[in-house]
Protein chains: 2
Amino acid sequence: MDPHDTLYLRIADTIAASVRTGTLARGDRLPSVRDTARREGVSVATAVQAYRTLEDARLIEARPRSGYYVAARPPRAPEPEPSSPPADAVEVDLGRIGAEIVRLAHDPDHVSFGAACPGEQLFDQDRIRRTLSRTVQRHRGLLAHYSVGPGRIELRRAIARHALGMGCALDPRQVTVTNGCIESITLALRAATRPGDVVALESPTYFGFLQILESLHLRALEIPTHPRTGLSVDALRLAIETQPVRAVLAVPTLSNPLGACMPAGERRRLAQLVAEHDIPLIEDVIYNDLAEHDDKRRAVRAFDTTGHVMVCGSFTKTVAPGIRLGWIDGGRWSDRVQQLKSTTSGGQTAVLELALADLLMQPGHESAYRHLRSTIAARVDEARGLVAGHFPRGTRVTDPPGGFILWAELPAAIDSLRLFEACLAERICVAPGVLFGASGRYRHCVRLGVGGAWDETHRDALRRVGRIAASMLPAAAPRSEAMALT
Amino acid sequence: MDPHDTLYLRIADTIAASVRTGTLARGDRLPSVRDTARREGVSVATAVQAYRTLEDARLIEARPRSGYYVAARPPRAPEPEPSSPPADAVEVDLGRIGAEIVRLAHDPDHVSFGAACPGEQLFDQDRIRRTLSRTVQRHRGLLAHYSVGPGRIELRRAIARHALGMGCALDPRQVTVTNGCIESITLALRAATRPGDVVALESPTYFGFLQILESLHLRALEIPTHPRTGLSVDALRLAIETQPVRAVLAVPTLSNPLGACMPAGERRRLAQLVAEHDIPLIEDVIYNDLAEHDDKRRAVRAFDTTGHVMVCGSFTKTVAPGIRLGWIDGGRWSDRVQQLKSTTSGGQTAVLELALADLLMQPGHESAYRHLRSTIAARVDEARGLVAGHFPRGTRVTDPPGGFILWAELPAAIDSLRLFEACLAERICVAPGVLFGASGRYRHCVRLGVGGAWDETHRDALRRVGRIAASMLPAAAPRSEAMALT
């Protein structure tokens, strides 16, 4: 990355942090571009670039002949309360609804908020195509070559280099390329547990994790989680001390569905906790590159000194969704992970590995992330506004520092499975909350993914979801249109 | 396929069958090209093409000014005896040697007979490259599109069409695309069994199967197998009736390592047996396209009327080794298979799926198989001759009707693990027999894969393996060079 590039991003990040911590309040006027340039010792052009980045992310706005101001945010709903799941491990039995959601979420006949995936419009398709075409041309022999083993070293090195951005110094030889993050997590669990074991995880959690546990005959122990600071390390410690927890599975950055990010201190405590009890933390870093601030991108693995953190990632949400490759560094379980991958799934396609390595090493790669983050941030803000304006009174919604998922807690009387079905009848797909826990909690919640296509159809569909939800409230009248200002 | 293409192949097959059954003996003179053309009612050009195909396969040879003769075969060793494994199921514990073999078998520093893979020289690399490049150009949007579900319908249709050649009428919607046949078999086992269950399989069997069983905490029950006719259905019936067998895993065509092919009648009985006992047969058809005769290509699934046969395949051994895609039709377990694939591994890369579909539908595809079969057949014949000529007296070796694997049974005094190590010291890799059973049998056997590169280095290395083996015989003198005529 060239130094100029780093400079303007550093300045933008500093200002963004001031906004988030409240040092700069909504509506406050920012220092002029010239003042900022002087204070930071950079050129005016660099300061302008920093301000433009913040403007793209809708954090600040220019007012003609007046300067830059911290942007007013759309109407807000309060955030959900921390969760309090049951204290005992349970067998998982989600049935078929998870698979059904995934299918519907990708069905072009539906306006979909069901998926946690970015739309193809958000990526530079030509860059990906050019890179893959070039790789195929250069390595035609590879197409007739049977590949075995943990993956091409070129890609494993690129992944290790990428992980430096999360504060992790990985040994490329310990990295295994997989068929995506889902496979990475499955391998991690298979390497570190046996059927019947207890796995602790966030509550609410990604239903895909619960499906993996179910298929591996593992029991789920849900741990209280805060919508902003994530997994409660204290609650986890208590669980580990009182129950036979054999592994912890967590998404410390932009958890799914809450979008929570654990503070650095908690990450350090988490790394110490699992080391102390000699159990693995399976850390999913799939969303780390979507976090707005560098400090939230820092993985728990960065604090791991004993090899107890197995780190799982992928680039399908951030670089090339259509190149199905993920990775895992299994820490002290790496040998076992590599063996399981090779004996039960085999290697991945080598030309794809080389193409992805090339994409990761290209200059401009970092600014593609920036673009993705700011586009999504603006959209998530808009979607939060629509929820605040059109969902029933009493709805709470998360305010994630990145990513494309919102978690809405509706009034307790609303059954999200019924809401899910009523929405389907209008060709809209949402993910019902009951899927995100192993014990029937979150029945009144929905997860809304807004990473796909986004236009007036989607805004309108989100308003309709709110109206349908309101119509399900037994006594109270639905919120009047007049109140819905957004 | 054009009709001319079919005609010459049909004639070649008829003659090949006469040779194999002994109607035409080694050294017999064939009818002249003109006579054959007249008798079959085809042009002389077609008859010439049929003879050329047989010549390429080294089944016949032209003698100047005299005509075509059935080729003399190289010196032969007797075939191994049918196996008699223990009657009880056992936990599998192969240790790390399987993974080590796989690694060494693909290490360019070794002359390798360790793998069961064809070399890249055997494929039309340009055809694969052109097809993939074209697909990437045409479907660039797909590279930014997150793929879910059981695979592109274009590929699943091409697979169903391909399966017609094995006598199977598959429903494309029931086919799931996987990361290769290894993953297909893992999914089949996970869908149909639970940890601790007993799985019956051929003995000897592919060590990769044993590794999968080990990783899934399944117990192996080895079934007696004949080197030519494969799995003993009678022995399997007895096992099923007396033990809690929950699934059968078999390679009815060109089993690994024996290269056995079950006769059609036995296939039918096998399909009936599993239906009767309501357990699945997991049928691996990865080598079916390499069988010399059509009747051996017919899958057990073709005789299945109840959905008890789960069929697993891939094209990495026959079409494009570097495009890591396999498939499974899970019969009555299809839903469960699709769910497991989606929840623990995710979809495959869509552009690869489309490229493979294109490759499978191209004309000329069938003649690429023919070419592969005849090239390999000639080489296997040569390798058998080298074993007969240079391995210790008393060595038995298989005579598989296709494929690139030989299984040699050495004198009982020879420990193939020691042989493996002694060969490694000379940078030669063979697969020691002890890997191919769950109970320490086959210690005196080796599997020799001759699908990779093949030149004088390889011939010489095979002779050296024989000499090293002979030097391990305690008392007897090594076979003299004078006896080694090949």
# chains A, B, ... in the order shown; residues from 1 in each chain; ligands from 1
$ select_by_dssp --residues "segment 148-329 of chain A" --states "strand (DSSP E)" --output "count of residues only"
40
$ residues_around --residues "Val319 of chain A" --least-positions-apart "5" --cutoff "10 Å" --atoms "only C-alpha atoms" --output "count of residues only"
16
$ interface_residues --of "chain A" --to "chain B" --cutoff "8 Å" --atoms "only C-alpha atoms" --output "JSON, numbers by chain"
{"A": [99, 102, 103, 106, 117, 119, 120, 121, 123, 124, 125, 126, 128, 129, 132, 133, 136, 137, 140, 141, 142, 143, 144, 145, 146, 147, 148, 149, 179, 180, 182, 183, 186, 195, 208, 211, 212, 215, 316, 320, 321, 322, 323, 324, 339, 340, 342, 343, 344, 345, 346, 347, 348, 349, 350, 351]}
$ calpha_fit_rmsd --fixed "chain B" --moving "chain A"
0.3 Å
$ atom_distance --atom1 "atom CA of Gly114 of chain A" --atom2 "atom CA of Arg76 of chain A"
22.3 Å
$ residues_around --residues "segment 77-83 of chain A" --least-positions-apart "2" --cutoff "6 Å" --atoms "only C-alpha atoms" --output "ChimeraX atom specification"
/A:224-226,388,396-398
$ residues_around --residues "Val251 of chain A" --least-positions-apart "6" --cutoff "10 Å" --atoms "only C-alpha atoms" --output "PyMOL selection string"
chain A and resi 201-202+205-206+230-231+257+259-262+282-288+299-300+312
$ residues_around --residues "Glu276 of chain B" --least-positions-apart "6" --cutoff "10 Å" --atoms "only C-alpha atoms" --output "MDAnalysis selection string"
chainID B and resid 270 306 308
$ residues_around --residues "Ala12 of chain B" --least-positions-apart "5" --cutoff "9 Å" --atoms "only C-alpha atoms" --output "list in words"
Leu7, Ala17, Ala47, Gln49, Ala50, Tyr51, Arg52, Thr53 and Leu54 of chain B
$ atom_distance --atom1 "atom CA of Val309 of chain A" --atom2 "atom CA of Val337 of chain A"
13.1 Å
$ select_by_dssp --residues "segment 144-340 of chain A" --states "helix (DSSP H, G or I)" --output "number ranges by chain"
A: 144, 153-164, 172-174, 181-192, 207-215, 233-242, 264-276, 288-290, 294-297, 300-303, 331-340
$ residues_around --residues "His293 of chain B" --least-positions-apart "5" --cutoff "10 Å" --atoms "only C-alpha atoms" --output "NGL selection string"
:B and (13-14 or 16-17 or 288 or 298 or 401-402)
$ write_last_selection --atoms "N, CA, C and O atoms" --output "PDB file, in the first residue's frame"
ATOM      1  N   ASP B  13     -14.801 -53.813 -29.831  1.00  0.00           N
ATOM      2  CA  ASP B  13     -15.225 -54.451 -28.585  1.00  0.00           C
ATOM      3  C   ASP B  13     -15.502 -55.937 -28.784  1.00  0.00           C
ATOM      4  O   ASP B  13     -15.152 -56.767 -27.952  1.00  0.00           O
ATOM      5  N   THR B  14     -16.155 -56.269 -29.898  1.00  0.00           N
ATOM      6  CA  THR B  14     -16.479 -57.672 -30.170  1.00  0.00           C
ATOM      7  C   THR B  14     -15.192 -58.494 -30.249  1.00  0.00           C
ATOM      8  O   THR B  14     -15.080 -59.570 -29.652  1.00  0.00           O
ATOM      9  N   ALA B  16     -12.244 -57.682 -29.018  1.00  0.00           N
ATOM     10  CA  ALA B  16     -11.585 -57.695 -27.707  1.00  0.00           C
ATOM     11  C   ALA B  16     -12.221 -58.749 -26.804  1.00  0.00           C
ATOM     12  O   ALA B  16     -11.525 -59.478 -26.084  1.00  0.00           O
ATOM     13  N   ALA B  17     -13.547 -58.857 -26.871  1.00  0.00           N
ATOM     14  CA  ALA B  17     -14.250 -59.843 -26.043  1.00  0.00           C
ATOM     15  C   ALA B  17     -13.824 -61.260 -26.441  1.00  0.00           C
ATOM     16  O   ALA B  17     -13.614 -62.124 -25.580  1.00  0.00           O
ATOM     17  N   ASN B 288     -15.717 -46.646 -13.179  1.00  0.00           N
ATOM     18  CA  ASN B 288     -16.538 -47.357 -14.163  1.00  0.00           C
ATOM     19  C   ASN B 288     -16.176 -47.023 -15.610  1.00  0.00           C
ATOM     20  O   ASN B 288     -16.183 -47.910 -16.472  1.00  0.00           O
ATOM     21  N   ARG B 298     -21.776 -51.151 -16.070  1.00  0.00           N
ATOM     22  CA  ARG B 298     -23.147 -51.090 -15.543  1.00  0.00           C
ATOM     23  C   ARG B 298     -23.106 -51.105 -14.016  1.00  0.00           C
ATOM     24  O   ARG B 298     -22.577 -52.018 -13.397  1.00  0.00           O
ATOM     25  N   PRO B 401      -9.363 -55.767 -15.593  1.00  0.00           N
ATOM     26  CA  PRO B 401      -9.913 -55.408 -16.918  1.00  0.00           C
ATOM     27  C   PRO B 401     -10.117 -53.902 -17.051  1.00  0.00           C
ATOM     28  O   PRO B 401     -11.197 -53.440 -17.414  1.00  0.00           O
ATOM     29  N   GLY B 402      -9.075 -53.140 -16.767  1.00  0.00           N
ATOM     30  CA  GLY B 402      -9.148 -51.678 -16.865  1.00  0.00           C
ATOM     31  C   GLY B 402      -8.498 -51.046 -15.648  1.00  0.00           C
ATOM     32  O   GLY B 402      -8.086 -51.735 -14.717  1.00  0.00           O
TER      33      GLY B 402
END
$ atom_distance --atom1 "atom CA of Leu236 of chain B" --atom2 "atom CA of Gly403 of chain B"
25.0 Å
$ decode --residues "segment 75-148 of chain B" --atoms "C-alpha atoms" --output "PDB file, in the first residue's frame"
ATOM      1  CA  PRO B  75       5.135 -63.244 -18.857  1.00  0.00           C
ATOM      2  CA  ARG B  76       2.346 -63.712 -16.355  1.00  0.00           C
ATOM      3  CA  ALA B  77       2.240 -64.245 -12.648  1.00  0.00           C
ATOM      4  CA  PRO B  78      -0.720 -66.072 -11.106  1.00  0.00           C
ATOM      5  CA  GLU B  79      -3.531 -64.009  -9.620  1.00  0.00           C
ATOM      6  CA  PRO B  80      -3.967 -63.624  -5.843  1.00  0.00           C
ATOM      7  CA  GLU B  81      -6.275 -65.929  -3.882  1.00  0.00           C
ATOM      8  CA  PRO B  82      -9.683 -64.685  -2.692  1.00  0.00           C
ATOM      9  CA  SER B  83      -9.361 -62.891   0.641  1.00  0.00           C
ATOM     10  CA  SER B  84     -10.520 -64.243   4.000  1.00  0.00           C
ATOM     11  CA  PRO B  85     -10.667 -61.362   6.476  1.00  0.00           C
ATOM     12  CA  PRO B  86     -11.716 -61.799  10.136  1.00  0.00           C
ATOM     13  CA  ALA B  87     -15.446 -62.158  10.781  1.00  0.00           C
ATOM     14  CA  ASP B  88     -15.787 -59.354  13.309  1.00  0.00           C
ATOM     15  CA  ALA B  89     -16.064 -55.600  12.967  1.00  0.00           C
ATOM     16  CA  VAL B  90     -13.112 -53.583  14.226  1.00  0.00           C
ATOM     17  CA  GLU B  91     -12.286 -50.004  15.099  1.00  0.00           C
ATOM     18  CA  VAL B  92     -10.062 -48.531  12.423  1.00  0.00           C
ATOM     19  CA  ASP B  93      -6.696 -47.127  13.419  1.00  0.00           C
ATOM     20  CA  LEU B  94      -4.392 -46.604  10.451  1.00  0.00           C
ATOM     21  CA  GLY B  95      -2.312 -43.913  12.069  1.00  0.00           C
ATOM     22  CA  ARG B  96      -0.662 -41.319   9.899  1.00  0.00           C
ATOM     23  CA  ILE B  97       0.845 -43.566   7.258  1.00  0.00           C
ATOM     24  CA  GLY B  98      -2.062 -43.124   4.823  1.00  0.00           C
ATOM     25  CA  ALA B  99      -1.588 -39.363   4.752  1.00  0.00           C
ATOM     26  CA  GLU B 100       2.156 -39.884   4.384  1.00  0.00           C
ATOM     27  CA  ILE B 101       1.690 -42.170   1.363  1.00  0.00           C
ATOM     28  CA  VAL B 102      -0.604 -39.662  -0.305  1.00  0.00           C
ATOM     29  CA  ARG B 103       1.936 -36.911   0.244  1.00  0.00           C
ATOM     30  CA  LEU B 104       4.876 -38.974  -1.043  1.00  0.00           C
ATOM     31  CA  ALA B 105       2.867 -40.361  -3.931  1.00  0.00           C
ATOM     32  CA  HIS B 106       2.516 -36.823  -5.284  1.00  0.00           C
ATOM     33  CA  ASP B 107       6.017 -35.662  -4.393  1.00  0.00           C
ATOM     34  CA  PRO B 108       7.888 -34.979  -7.651  1.00  0.00           C
ATOM     35  CA  ASP B 109      11.138 -36.091  -5.991  1.00  0.00           C
ATOM     36  CA  HIS B 110       9.936 -39.704  -5.992  1.00  0.00           C
ATOM     37  CA  VAL B 111       9.233 -42.177  -8.760  1.00  0.00           C
ATOM     38  CA  SER B 112       5.735 -42.874  -7.625  1.00  0.00           C
ATOM     39  CA  PHE B 113       3.617 -45.994  -7.796  1.00  0.00           C
ATOM     40  CA  GLY B 114       1.817 -44.846  -4.667  1.00  0.00           C
ATOM     41  CA  ALA B 115      -1.151 -43.015  -6.176  1.00  0.00           C
ATOM     42  CA  ALA B 116      -4.294 -44.254  -7.878  1.00  0.00           C
ATOM     43  CA  CYS B 117      -4.418 -41.259 -10.198  1.00  0.00           C
ATOM     44  CA  PRO B 118      -3.795 -40.796 -13.892  1.00  0.00           C
ATOM     45  CA  GLY B 119      -0.994 -38.441 -14.909  1.00  0.00           C
ATOM     46  CA  GLU B 120      -1.724 -35.102 -16.558  1.00  0.00           C
ATOM     47  CA  GLN B 121      -0.056 -36.333 -19.777  1.00  0.00           C
ATOM     48  CA  LEU B 122      -3.094 -38.557 -20.355  1.00  0.00           C
ATOM     49  CA  PHE B 123      -5.499 -35.634 -20.768  1.00  0.00           C
ATOM     50  CA  ASP B 124      -6.185 -33.040 -23.424  1.00  0.00           C
ATOM     51  CA  GLN B 125      -5.101 -30.069 -21.325  1.00  0.00           C
ATOM     52  CA  ASP B 126      -5.925 -27.575 -24.055  1.00  0.00           C
ATOM     53  CA  ARG B 127      -9.488 -28.777 -24.332  1.00  0.00           C
ATOM     54  CA  ILE B 128      -9.968 -28.347 -20.577  1.00  0.00           C
ATOM     55  CA  ARG B 129      -8.332 -24.912 -20.579  1.00  0.00           C
ATOM     56  CA  ARG B 130     -10.352 -23.663 -23.559  1.00  0.00           C
ATOM     57  CA  THR B 131     -13.576 -24.864 -21.981  1.00  0.00           C
ATOM     58  CA  LEU B 132     -12.888 -23.242 -18.610  1.00  0.00           C
ATOM     59  CA  SER B 133     -11.700 -19.965 -20.187  1.00  0.00           C
ATOM     60  CA  ARG B 134     -14.855 -19.787 -22.300  1.00  0.00           C
ATOM     61  CA  THR B 135     -17.051 -20.447 -19.272  1.00  0.00           C
ATOM     62  CA  VAL B 136     -15.342 -17.720 -17.242  1.00  0.00           C
ATOM     63  CA  GLN B 137     -15.839 -15.250 -20.126  1.00  0.00           C
ATOM     64  CA  ARG B 138     -19.493 -16.103 -20.551  1.00  0.00           C
ATOM     65  CA  HIS B 139     -20.479 -16.108 -16.892  1.00  0.00           C
ATOM     66  CA  ARG B 140     -18.382 -13.430 -15.250  1.00  0.00           C
ATOM     67  CA  GLY B 141     -21.313 -12.426 -12.985  1.00  0.00           C
ATOM     68  CA  LEU B 142     -21.126 -15.845 -11.366  1.00  0.00           C
ATOM     69  CA  LEU B 143     -17.686 -15.076  -9.938  1.00  0.00           C
ATOM     70  CA  ALA B 144     -19.234 -12.477  -7.652  1.00  0.00           C
ATOM     71  CA  HIS B 145     -22.302 -14.591  -6.894  1.00  0.00           C
ATOM     72  CA  TYR B 146     -22.482 -16.590  -3.679  1.00  0.00           C
ATOM     73  CA  SER B 147     -23.568 -20.115  -4.587  1.00  0.00           C
ATOM     74  CA  VAL B 148     -25.685 -22.299  -2.355  1.00  0.00           C
TER      75      VAL B 148
END
